[in-house]
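Asks: Here you go, target02.txt (compact mmCIF, C-alpha atoms):
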# COMPACT_ATOMS: atom_id res chain seq x y z
CA MET A 745 20.24 78.36 103.69
CA GLN A 746 23.70 77.42 105.00
CA TYR A 747 22.05 75.28 107.72
CA ALA A 748 19.84 73.52 105.18
CA GLU A 749 22.81 72.67 102.96
CA HIS A 750 25.11 71.63 105.79
CA CYS A 751 22.74 69.94 108.23
CA CYS A 752 20.09 68.43 106.02
CA ARG A 753 20.13 66.00 103.17
CA LYS A 754 17.55 65.21 100.55
CA GLU A 755 16.19 61.71 100.20
CA LYS A 756 13.53 60.22 97.99
CA PRO A 757 11.49 57.60 99.82
CA LEU A 758 10.57 54.60 97.71
CA GLY A 759 7.62 55.40 95.48
CA SER A 760 7.75 59.13 96.23
CA PRO A 761 8.34 61.66 93.44
CA ARG A 762 9.17 64.44 95.94
CA ALA A 763 12.38 64.80 97.87
CA VAL A 764 11.99 64.74 101.63
CA VAL A 765 14.39 66.73 103.78
CA THR A 766 15.68 64.82 106.80
CA PRO A 767 18.22 65.78 109.43
CA ARG A 768 21.60 64.06 109.50
CA PRO A 769 22.00 61.67 112.40
CA ALA A 770 24.73 63.59 114.24
CA LEU A 771 24.64 67.35 114.55
CA SER A 772 27.88 69.28 114.41
CA PRO A 773 28.24 72.33 116.71
CA GLN A 774 27.34 74.56 113.75
CA CYS A 775 24.20 72.53 113.08
CA TRP A 776 23.23 72.46 116.76
CA SER A 777 23.54 76.23 116.92
CA ALA A 778 21.57 76.68 113.70
CA SER A 779 18.89 74.23 114.77
CA MET A 780 18.37 76.11 118.01
CA ALA A 781 18.11 79.37 116.09
CA GLY A 782 15.84 78.28 113.30
CA GLY A 783 15.02 74.61 113.19
CA CYS A 784 15.26 74.50 109.41
CA CYS A 785 14.85 70.76 108.97
CA VAL A 786 11.95 70.55 111.40
CA LEU A 787 10.26 73.49 109.70
CA LEU A 788 10.73 72.00 106.25
CA LEU A 789 9.36 68.65 107.44
CA LEU A 790 6.34 70.33 109.01
CA LEU A 791 5.65 72.31 105.87
CA ALA A 792 5.92 69.22 103.71
CA SER A 793 3.67 67.16 105.97
CA SER A 794 1.03 69.85 106.46
CA ALA A 795 0.46 70.60 102.78
CA SER A 796 -2.81 68.68 102.80
CA ALA A 797 -4.11 70.39 105.95
CA ALA A 798 -4.05 74.02 104.90
CA PHE A 799 -5.40 76.71 107.19
CA VAL A 800 -7.82 79.08 105.54
CA THR A 801 -7.36 82.57 106.97
CA ASN A 802 -10.43 84.58 107.97
CA LEU A 803 -12.77 81.62 107.52
CA HIS A 804 -14.19 81.72 111.03
CA ALA A 805 -17.46 80.75 112.70
CA ALA A 806 -19.14 84.09 111.90
CA CYS A 807 -18.22 83.68 108.24
CA PHE A 808 -19.68 80.15 108.15
CA ARG A 809 -22.81 81.46 109.84
CA CYS A 810 -23.21 84.27 107.29
CA LEU A 811 -22.44 81.93 104.37
CA CYS A 812 -25.18 79.51 105.38
CA GLN A 813 -27.54 82.36 106.27
CA ALA A 814 -27.13 83.82 102.79
CA ALA A 815 -27.38 80.45 101.04
CA ASN A 816 -30.31 78.85 102.80
CA GLU A 817 -30.99 80.57 106.12
CA CYS A 818 -28.92 77.73 107.67
CA SER A 819 -31.77 75.28 107.24
CA THR A 820 -30.96 71.60 107.63
CA ASN A 821 -34.66 70.69 107.36
CA ARG A 822 -35.32 71.64 103.75
CA PRO A 823 -35.06 68.84 101.22
CA CYS A 824 -32.55 69.10 98.39
CA SER A 825 -33.85 71.26 95.58
CA LYS A 826 -32.65 71.75 92.00
CA GLY A 827 -29.37 69.93 92.76
CA TYR A 828 -28.51 71.91 95.91
CA CYS A 829 -28.64 70.56 99.45
CA GLY A 830 -28.31 71.63 103.04
CA PRO A 831 -27.61 74.77 105.00
CA PHE A 832 -24.96 75.94 102.52
CA SER A 833 -26.86 74.87 99.36
CA ILE A 834 -24.03 72.63 98.19
CA SER A 835 -24.15 70.92 94.80
CA TYR A 836 -22.72 67.49 94.07
CA ILE A 837 -19.94 69.04 91.94
CA TYR A 838 -18.99 71.47 94.74
CA TRP A 839 -18.94 68.60 97.25
CA ALA A 840 -16.75 66.44 94.99
CA ASP A 841 -14.43 69.35 94.17
CA ALA A 842 -14.03 70.11 97.89
CA GLY A 843 -12.75 66.61 98.65
CA ARG A 844 -15.89 64.45 99.06
CA HIS A 845 -16.22 64.91 102.82
CA VAL A 846 -18.53 62.43 104.53
CA LEU A 847 -20.15 61.76 107.88
CA ALA A 848 -18.26 59.53 110.32
CA ASP A 849 -18.19 55.89 109.15
CA ASP A 850 -19.68 56.82 105.75
CA ASP A 851 -18.16 55.99 102.38
CA PRO A 852 -17.70 58.75 99.78
CA GLU A 853 -18.54 56.18 97.11
CA ARG A 854 -21.98 55.54 98.62
CA LYS A 855 -24.65 57.04 96.37
CA GLU A 856 -26.26 59.10 99.17
CA ALA A 857 -22.98 60.22 100.83
CA TYR A 858 -23.08 63.66 99.20
CA GLN A 859 -26.63 64.34 100.29
CA SER A 860 -26.04 63.04 103.83
CA CYS A 861 -23.01 65.31 104.22
CA ALA A 862 -24.59 68.38 102.64
CA LEU A 863 -27.60 68.15 104.97
CA ASP A 864 -25.41 67.94 108.09
CA TYR A 865 -24.08 71.34 109.25
CA ASP A 866 -20.70 70.04 110.48
CA CYS A 867 -19.99 67.90 107.43
CA ALA A 868 -21.19 70.66 105.10
CA SER A 869 -18.89 73.10 106.95
CA ARG A 870 -15.94 70.80 106.31
CA THR A 871 -16.95 70.71 102.65
CA VAL A 872 -17.04 74.51 102.48
CA ALA A 873 -13.66 74.70 104.22
CA GLY A 874 -12.22 72.19 101.74
CA TYR A 875 -13.56 74.23 98.84
CA MET A 876 -12.07 77.44 100.26
CA GLU A 877 -8.71 75.71 100.85
CA LYS A 878 -8.69 74.89 97.16
CA TYR A 879 -10.03 78.15 95.71
CA GLY A 880 -9.55 80.81 98.41
CA ARG A 881 -8.16 84.09 97.11
CA ASP A 882 -8.91 87.82 96.92
CA CYS A 883 -11.92 87.97 94.59
CA ASN A 884 -13.04 91.57 95.08
CA GLY A 885 -9.60 93.14 94.63
CA ASP A 886 -9.39 94.80 98.05
CA GLY A 887 -6.03 93.21 98.85
CA ALA A 888 -7.35 90.87 101.57
CA THR A 889 -8.84 87.40 101.47
CA ASN A 890 -11.78 87.39 103.86
CA CYS A 891 -15.40 86.35 104.21
CA ASP A 892 -16.54 88.70 101.43
CA ASP A 893 -14.27 86.73 99.06
CA TYR A 894 -15.42 83.35 100.42
CA VAL A 895 -19.02 84.34 99.79
CA MET A 896 -18.16 85.21 96.18
CA ILE A 897 -16.30 81.90 95.78
CA HIS A 898 -19.17 79.96 97.32
CA TYR A 899 -21.80 81.64 95.18
CA ASN A 900 -19.95 81.87 91.84
CA GLY A 901 -17.64 78.89 92.06
CA GLY A 902 -13.90 78.86 92.49
CA GLY A 903 -13.02 79.66 88.90
CA SER A 904 -15.16 82.78 88.50
CA CYS A 905 -15.21 84.41 91.91
CA GLN A 906 -14.62 87.94 90.56
CA THR A 907 -18.14 88.00 89.15
CA PRO A 908 -20.42 90.20 91.28
CA ILE A 909 -23.26 88.35 93.02
CA ASP A 910 -26.49 89.32 91.28
CA ASP A 911 -28.86 87.48 93.63
CA LYS A 912 -30.42 90.24 95.76
CA LEU A 913 -31.88 87.88 98.35
CA PHE A 914 -28.50 86.15 98.81
CA ASN A 915 -26.71 89.50 99.05
CA ASN A 916 -29.23 90.98 101.47
CA ARG A 917 -29.04 87.96 103.77
CA TYR A 918 -25.24 88.00 103.72
CA ASN A 919 -24.93 91.75 104.30
CA LYS A 920 -27.44 91.71 107.19
CA CYS A 921 -25.62 88.80 108.81
CA ARG A 922 -22.26 90.49 108.34
CA VAL A 923 -23.48 93.71 109.97
CA ASP A 924 -24.97 91.69 112.87
CA ALA A 925 -21.71 89.70 113.25
CA ILE A 926 -19.65 92.91 113.38
CA ALA A 927 -22.05 94.38 115.96
CA MET A 928 -21.55 91.28 118.17
CA ASP A 929 -17.74 91.65 118.16
Kindly present the structure from the file in structure tokens form.
Replies:
Amino acid sequence: MQYAEHCCRKEKPLGSPRAVVTPRPALSPQCWSASMAGGCCVLLLLLASSASAAFVTNLHAACFRCLCQAANECSTNRPCSKGYCGPFSISYIYWADAGRHVLADDDPERKEAYQSCALDYDCASRTVAGYMEKYGRDCNGDGATNCDDYVMIHYNGGGSCQTPIDDKLFNNRYNKCRVDAIAMD
């Protein structure tokens, strides 16, 4: 904390409600030593700038595969049905809540943008990742946030992920995929 107080100053850029920490132009010997040891200002700047690009732990390729397997057997060929589209069975509300991801050169305001994204595995995966960035947490109370939690979030929605999944087909597909994924590791 001494380095942050001595070597950094807070500034508010025009139009910004948040203070931004910037290094002072000249570093004293104490600051140079502290910056080599910890890099406080750089770390604070990186944390501030990366807030919108959060990393979701344990959301890996096998988890995506099992999520889509449980939701829709990873089919990109089935038409949208009952308000759900694509390999992850994404609804319009889910897509919008996740950040309205779109295909390259598409416009999120275009009427068909949701459907186009939801039917494309890569775009739908970005949507799922965006949703998990927003709602990811330990839903089953086991002390870890992992694919089991992401499946509960995906199925139940971010606000009610503690609710057990009562869809046997969904559960069976997920559990089989999970066992197969563990066997491949």
Asks: Given the choices A:Pro908, A:Pro823, A:Gly843, A:Gly902, which gets closest to A:Ser860 if the distance is worked out from all atoms listed in the file?
Replies: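 The answer is A:Pro823, which sits nearest to A:Ser860.
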Asks: So which residues touch stretch 925-929 of chain A within 10 Å, counting all atoms listed in the file, skipping near sequence neighbours fewer than 2 positions away, as a list of chain:residue names?
Replies: A:Ala805, A:Ala806, A:Cys807, A:Arg809, A:Cys810, A:Asn919, A:Lys920, A:Cys921, A:Arg922, A:Val923
Asks: Excluding A:Leu913 and any residue of its chain fewer than 2 positions from it, enumerate the residues within 12 Å of it, using all atoms listed in the file, and give them as a CSV table (one decimal) with C-alpha atoms, in the frame of the given file.
Replies:
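Below is the file that was written, selection-v9.csv:
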chain,number,residue,atom,x,y,z
A,813,GLN,CA,-27.5,82.4,106.3
A,814,ALA,CA,-27.1,83.8,102.8
A,815,ALA,CA,-27.4,80.4,101.0
A,816,ASN,CA,-30.3,78.8,102.8
A,817,GLU,CA,-31.0,80.6,106.1
A,909,ILE,CA,-23.3,88.4,93.0
A,910,ASP,CA,-26.5,89.3,91.3
A,911,ASP,CA,-28.9,87.5,93.6
A,915,ASN,CA,-26.7,89.5,99.0
A,916,ASN,CA,-29.2,91.0,101.5
A,917,ARG,CA,-29.0,88.0,103.8
A,918,TYR,CA,-25.2,88.0,103.7
A,919,ASN,CA,-24.9,91.8,104.3
A,920,LYS,CA,-27.4,91.7,107.2
Asks: Which residue is closest to A:Arg822? Choose from A:Ile897, A:Leu863, A:Cys905, A:Ala868 and count all atoms listed in the file.
Replies: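 Going through A:Ile897, A:Leu863, A:Cys905, A:Ala868 one by one, the smallest distance to A:Arg822 is for A:Leu863.
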Asks: Take atom CA of A:Leu847 and atom CA of A:Cys867 and report the distance between them in Å, one decimal.
Replies: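 Value for the atom CA of A:Leu847-atom CA of A:Cys867 distance: 6.2 Å.
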Asks: Name all residues at most 6 Å from A:Pro831 (count only C-alpha atoms; drop same-chain ones fewer than 6 positions away) and give them as a list of chain:residue names.
Replies: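 What passes the distance filter is A:Cys812, A:Asn816, A:Cys818, A:Ser819, A:Thr820.
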Asks: Output C-alpha atoms for every residue in the selection just made, as a short mmCIF file (atom, residue, chain, number, x, y, z; two decimals), in the frame of the given file.
Replies:
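And here's selection_8.cif as it stands now:
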data_model
loop_
_atom_site.label_atom_id
_atom_site.label_comp_id
_atom_site.auth_asym_id
_atom_site.auth_seq_id
_atom_site.Cartn_x
_atom_site.Cartn_y
_atom_site.Cartn_z
CA CYS A 812 -25.18 79.51 105.38
CA ASN A 816 -30.31 78.85 102.80
CA CYS A 818 -28.92 77.73 107.67
CA SER A 819 -31.77 75.28 107.24
CA THR A 820 -30.96 71.60 107.63
#
Asks: What does the structure give for the distance between atom CA of A:Cys824 and atom CA of A:Ala873, in Å to one decimal?
Replies: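 These atoms are spaced 20.5 Å apart.
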Asks: Please report the interatomic distance between atom CA of A:Leu811 and atom CA of A:Ala857 in Å with one decimal.
Replies: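 One can read the atom CA of A:Leu811 to atom CA of A:Ala857 distance as 22.0 Å.
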Asks: Nearest to A:Tyr838: which of A:Gln859, A:Ser825, A:Cys883, A:Asp864 is it, counting only C-alpha atoms?
Replies: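 Between A:Gln859, A:Ser825, A:Cys883, A:Asp864, the residue approaching A:Tyr838 most closely is A:Gln859.
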Asks: Kindly compute an axis-aligned box around the listed atoms of stretch 871-875 of chain A, allowing 4 Å on each side, and express its centre and edge lengths in Å to one decimal as AutoDock Vina command-line options.
Replies:
--center_x -14.6 --center_y 72.7 --center_z 101.5 --size_x 12.8 --size_y 12.0 --size_z 13.4
Asks: Scan for residues within 12 Å of the point (-13.9, 70.4, 102.1) in the coordinates of the file, using all atoms listed in the file, and reply as an NGL selection string.
Replies: :A and (796-800 or 834 or 837-846 or 858 or 861-862 or 866-880 or 898)
Asks: Can you fill out stretch 857-874 of chain A with N, CA and C atoms and hand it back as a JSON list (two decimals), in the coordinates of the input?
Replies:
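File out.json, as written:
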[["chain", "number", "residue", "atom", "x", "y", "z"],
["A", 857, "ALA", "N", -23.98, 59.59, 99.95],
["A", 857, "ALA", "CA", -22.98, 60.22, 100.83],
["A", 857, "ALA", "C", -22.98, 61.74, 100.67],
["A", 858, "TYR", "N", -23.06, 62.21, 99.44],
["A", 858, "TYR", "CA", -23.08, 63.66, 99.20],
["A", 858, "TYR", "C", -24.26, 64.31, 99.91],
["A", 859, "GLN", "N", -25.42, 63.76, 99.71],
["A", 859, "GLN", "CA", -26.63, 64.34, 100.29],
["A", 859, "GLN", "C", -26.58, 64.29, 101.83],
["A", 860, "SER", "N", -26.14, 63.18, 102.37],
["A", 860, "SER", "CA", -26.04, 63.04, 103.83],
["A", 860, "SER", "C", -25.10, 64.09, 104.41],
["A", 861, "CYS", "N", -23.97, 64.32, 103.76],
["A", 861, "CYS", "CA", -23.01, 65.31, 104.22],
["A", 861, "CYS", "C", -23.57, 66.72, 104.07],
["A", 862, "ALA", "N", -24.10, 67.03, 102.91],
["A", 862, "ALA", "CA", -24.59, 68.38, 102.64],
["A", 862, "ALA", "C", -25.72, 68.79, 103.58],
["A", 863, "LEU", "N", -26.49, 67.84, 104.06],
["A", 863, "LEU", "CA", -27.60, 68.15, 104.97],
["A", 863, "LEU", "C", -27.16, 68.27, 106.43],
["A", 864, "ASP", "N", -25.95, 67.87, 106.74],
["A", 864, "ASP", "CA", -25.41, 67.94, 108.09],
["A", 864, "ASP", "C", -24.52, 69.18, 108.21],
["A", 865, "TYR", "N", -24.82, 70.07, 109.16],
["A", 865, "TYR", "CA", -24.08, 71.34, 109.25],
["A", 865, "TYR", "C", -22.57, 71.13, 109.38],
["A", 866, "ASP", "N", -22.14, 70.23, 110.26],
["A", 866, "ASP", "CA", -20.70, 70.04, 110.48],
["A", 866, "ASP", "C", -20.00, 69.48, 109.25],
["A", 867, "CYS", "N", -20.59, 68.49, 108.62],
["A", 867, "CYS", "CA", -19.99, 67.90, 107.43],
["A", 867, "CYS", "C", -20.00, 68.91, 106.28],
["A", 868, "ALA", "N", -21.10, 69.63, 106.15],
["A", 868, "ALA", "CA", -21.19, 70.66, 105.10],
["A", 868, "ALA", "C", -20.16, 71.76, 105.35],
["A", 869, "SER", "N", -19.92, 72.10, 106.62],
["A", 869, "SER", "CA", -18.89, 73.10, 106.95],
["A", 869, "SER", "C", -17.51, 72.63, 106.53],
["A", 870, "ARG", "N", -17.22, 71.35, 106.75],
["A", 870, "ARG", "CA", -15.94, 70.80, 106.31],
["A", 870, "ARG", "C", -15.82, 70.85, 104.79],
["A", 871, "THR", "N", -16.94, 70.63, 104.12],
["A", 871, "THR", "CA", -16.95, 70.71, 102.65],
["A", 871, "THR", "C", -16.64, 72.13, 102.20],
["A", 872, "VAL", "N", -17.29, 73.10, 102.82],
["A", 872, "VAL", "CA", -17.04, 74.51, 102.48],
["A", 872, "VAL", "C", -15.58, 74.85, 102.76],
["A", 873, "ALA", "N", -15.06, 74.43, 103.90],
["A", 873, "ALA", "CA", -13.66, 74.70, 104.22],
["A", 873, "ALA", "C", -12.72, 74.07, 103.19],
["A", 874, "GLY", "N", -13.03, 72.85, 102.76],
["A", 874, "GLY", "CA", -12.22, 72.19, 101.74],
["A", 874, "GLY", "C", -12.25, 72.94, 100.42]]
